[in-house]
Amino acid sequence: MLLTYCYRIKPNDEQIAIMERWLELLRRHWNYALGQRLDWLNRTRCPIDRCSIVREAIGEVPEPVNYYTQQSALKETKKLFPEYKLIYAETQQVNLQRLNIAWERWRKPDATGKRGGRPRFKKQGQLRSFIFPRVNNSRAGAHIKHGVLKLSRIGEISVVMHRPLPSGFTLKQCTIVKKADGWYCCISMKDDTIPEFIAVESVKSAVGIDVGLEKFLTTSDGEAVGIPQFYRKASNRLASAQRVMSRRVKGSKNWQKAKQKVALLHLHLTRCRKEFHASCRPLAM
């Protein structure tokens with residue numbers, strides 16, 4: 001079983017500056033690595049006997065670009081740009097792994113023949129998370145204990161433990177996320193134990209559920225749950241906030257304040273939907 005618990009963290013001003021700098025450097029590295037892959041693709045996709053002088057560059061065929069070649073180039077990146085030495089090494093590797101997963105989903109179809117969209121270059125502020133792939137072991141970059149999260153090269157950060165970590169689970173990775181209302185850490189954990197199966201004959205509380213358009217769901221017991229329509233109810237407030245933002249000079253402080261209000265409204269809607277789905281979960285159990 002895999003679980004992910006999300007906790008709010010309270011970094012100080014110095015730690016916030018470090019984490020925001022990490023996000024910006026990782027964003028630049030993502031864009032550079034993606035540009036490498038797209039350039040290799042454009043140079044090698046033309047037929048061997050002819051090459052377009054409009055789209056593809058003429059010259060030597062470049063070496064294949066993949067996760068392993070880009071990971072091995074991290075040493076050269078740190079020599080050319082010493083500021084990348086300040087970032088935890090495994091965090092940079094995971095950034096390339098995320099790009100590789102997005103690339104493979106675009107290039108290779110799944111079992112149904114569908115493919116994902118092409119990975120995009122990220123604008124400033126669009127990369128909002130980074131990962132420590134190991135937690136609470138001797139070689140981990142993240143340790144959480146007694147409500148304190150210790151991150152390599154960042155320091156100790158207090159965590160709002162609104163619920164305890166479940167016992168019996170092994171902590172796998174820690175994702176630091178920047179949201180509209182602050183910073184959060186998402187702790188992923190795994191439990192390898194297999195629960196005991198319940199015989200079908202002993203189950204006497206089965207309920208059939210039908211999801212529809214007029215009602216969110218209807219059970220076989222005749223209970224119906226209406227559609228809350230969170231977005232429609234908040235559309236006027238959202239339109240007003242977006243109208244204010246559009247009238248500000250892009251990039252100014254007033255524009256950033258208006259943008260923050262829009263982001264907070266969207267975050268509120270997201271949480272309303274999440275809580276509503278959580279409240280409907282007992283009906284499906």
# chains A, B, ... in the order shown; residues from 1 in each chain; ligands from 1
call {"tool": "residues_around", "arguments": {"residues": "segment 146-162 of chain A", "least_positions_apart": "4", "cutoff": "8 Å", "atoms": "only C-alpha atoms", "output": "PyMOL selection string"}}
result
chain A and resi 7-12+15+18-19+86-88+141-142
call {"tool": "residues_around", "arguments": {"residues": "segment 237-252 of chain A", "least_positions_apart": "5", "cutoff": "7 Å", "atoms": "only C-alpha atoms", "output": "ChimeraX atom specification"}}
result
/A:258-259,261-262,265
call {"tool": "closest_residue", "arguments": {"among": "A:Glu275, A:Ala17, A:Leu80, A:Pro119", "to": "Leu38 of chain A", "atoms": "only C-alpha atoms"}}
result
A:Pro119
call {"tool": "residues_around", "arguments": {"residues": "Thr218 of chain A", "least_positions_apart": "5", "cutoff": "12 Å", "atoms": "only C-alpha atoms", "output": "list in words"}}
result
Val207, Gly208, Ile209, Asp210, Val211, Gly212, Leu213, Glu223, Ala224, Val225, Gly226, Ile227, Cys280, Leu283 and Ala284 of chain A
call {"tool": "residues_around", "arguments": {"residues": "Thr193 of chain A", "least_positions_apart": "6", "cutoff": "10 Å", "atoms": "only C-alpha atoms", "output": "ChimeraX atom specification"}}
result
/A:1,168-169
call {"tool": "write_last_selection", "arguments": {"atoms": "N, CA and C atoms", "output": "short mmCIF file (atom, residue, chain, number, x, y, z; two decimals), in the first residue's frame"}}
result
data_model
loop_
_atom_site.label_atom_id
_atom_site.label_comp_id
_atom_site.auth_asym_id
_atom_site.auth_seq_id
_atom_site.Cartn_x
_atom_site.Cartn_y
_atom_site.Cartn_z
N MET A 1 0.84 -1.19 0.00
CA MET A 1 0.00 0.00 0.00
C MET A 1 0.88 1.24 0.00
N GLY A 168 4.24 1.09 10.89
CA GLY A 168 4.34 -0.04 9.98
C GLY A 168 4.68 0.34 8.56
N PHE A 169 4.74 1.64 8.25
CA PHE A 169 5.05 2.09 6.90
C PHE A 169 6.52 2.51 6.82
#
call {"tool": "atom_distance", "arguments": {"atom1": "atom CA of Pro82 of chain A", "atom2": "atom CA of Phe130 of chain A"}}
result
19.4 Å
